[in-house]
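Notes for the one structure printed next.
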Amino acid sequence: MIRFYKEHDYGSASRRAADILSAQMILKPDSVLGLATGSTPVGTYQELIRRYQEGRISFAEITSCNLDEYVGLGGDNDQSYRYFMNHNLFDHVDIDKSRTFVPDGLDPDHEAACRKYDEIVKSVGGVDLQLLGIGHDGHIGFNEPGDSFDKGTHIVDLQESTIRANSRFWGGDESKVPKQAITMGIATVMSAGKILIMACGEDKRDIITRAFRGPITPKVPASALQLHPCVFVVGDEAAMGDLVKD
Ligand code: F6R
């Protein structure tokens, strides 16, 4: 089942995504949420914080597993994804931080760090609901085009286009952007019970359409989601185009 939610704008798309996450949290208060960084989910996190403050949802029993992290950045670096999650969500809700997991970008033994992360995801019982954004080249997590669909957590060399897109966080200086990341693989993402992928803005229209209307191919990593049994695609009018609500 793939369900499309075409919302008016970024705010309503963020509220719709928060509805789906909240429903999961209410129905299963000890859910394992797979979380993403990037600009797209920021509004969703703000909405979840608001609902927490209003007493409508609680993170007290929630476990979270993030998708990815830059190699070489620790949680105190303000460009790390651990820092992002603390700043944009965890510091503002009642989540137990010892149950928030982010791949370890500092472990010098990359292979061990990947296996450890797969073990963590397994030991918490797998992800119930995985939140995703989508890159302009179709990447999900840091699974760049060409990565096979059967990988667990692994190290990736970032593509030029991703380095360029992310350089906005380093004052436009591409040389400062880390060149590698540790990411859940497509197989890890696909093992989640449900997937919620968000796309907002005109610039995401082409890739989100290719992901769900085009062929299933590692050239468009997000196209793998067509094979998943339960996917929610949430976006604004600018991105969703002809992808419409069921
Ligand atoms: C973030 C992540 C990435 C982003 C993607 C879109 O954890 O894994 O795949 O979801 O790069 O980023 P934004 O939302 O900034 O357009």
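Labeling convention for the structure tokens: chains A, B, ... as they appear, residues from 1 per chain, ligands from 1 in order of appearance.
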
>> Within 7 Å of ligand 1 (counting only C-alpha atoms and all ligand atoms), which residues show up? I'd like them as a PyMOL selection string.
In response: chain A and resi 36-41+67-68+132-135+139-142

>> Just list as an MDAnalysis selection string whatever in region 3-190 of chain A DSSP marks as alpha helix (DSSP H).
In response: chainID A and resid 10:27 42:53 81:88 110:123 160:166 186:190

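Summary of the local environment: counting only C-alpha atoms, residues at most 7 Å from Ile49 (chain A), other than itself and those fewer than 6 positions away along its chain, are Leu89, His92 and Val93 of chain A.
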
Convert the current residue selection to file output with C-alpha atoms, as a short mmCIF file (atom, residue, chain, number, x, y, z; two decimals), in the first residue's frame.
```
data_model
loop_
_atom_site.label_atom_id
_atom_site.label_comp_id
_atom_site.auth_asym_id
_atom_site.auth_seq_id
_atom_site.Cartn_x
_atom_site.Cartn_y
_atom_site.Cartn_z
CA LEU A 89 13.59 17.44 18.87
CA HIS A 92 12.32 19.65 23.85
CA VAL A 93 10.40 16.45 24.63
#
```

>> For the strand (DSSP E) assignment from backbone DSSP, which residues of region 80-140 of chain A qualify? Please present them as JSON, numbers by chain.
In response: {"A": [100, 101, 129, 130, 131, 132]}

> So which residues touch Leu227 (chain A) within 10 Å, counting only C-alpha atoms, skipping near sequence neighbours fewer than 4 positions away, as JSON, numbers by chain?
Replying inline: {"A": [1, 2, 190, 216, 223, 231]}

> Which residues, written as a VMD selection string, have at least one atom at most 10 Å from Tyr5 (chain A), with only C-alpha atoms counted and residues fewer than 3 positions away on the same chain left out?
Replying inline: chain A and resid 2 8 13 16 to 17 198 232 to 237 240 243 to 246

>> What's around Thr183 (chain A) at 9 Å? Count only C-alpha atoms, leave out sequence neighbours fewer than 6 positions away in its own chain, and write the answer as a PyMOL selection string.
In response: chain A and resi 66-70+103+114+141-143+152-156
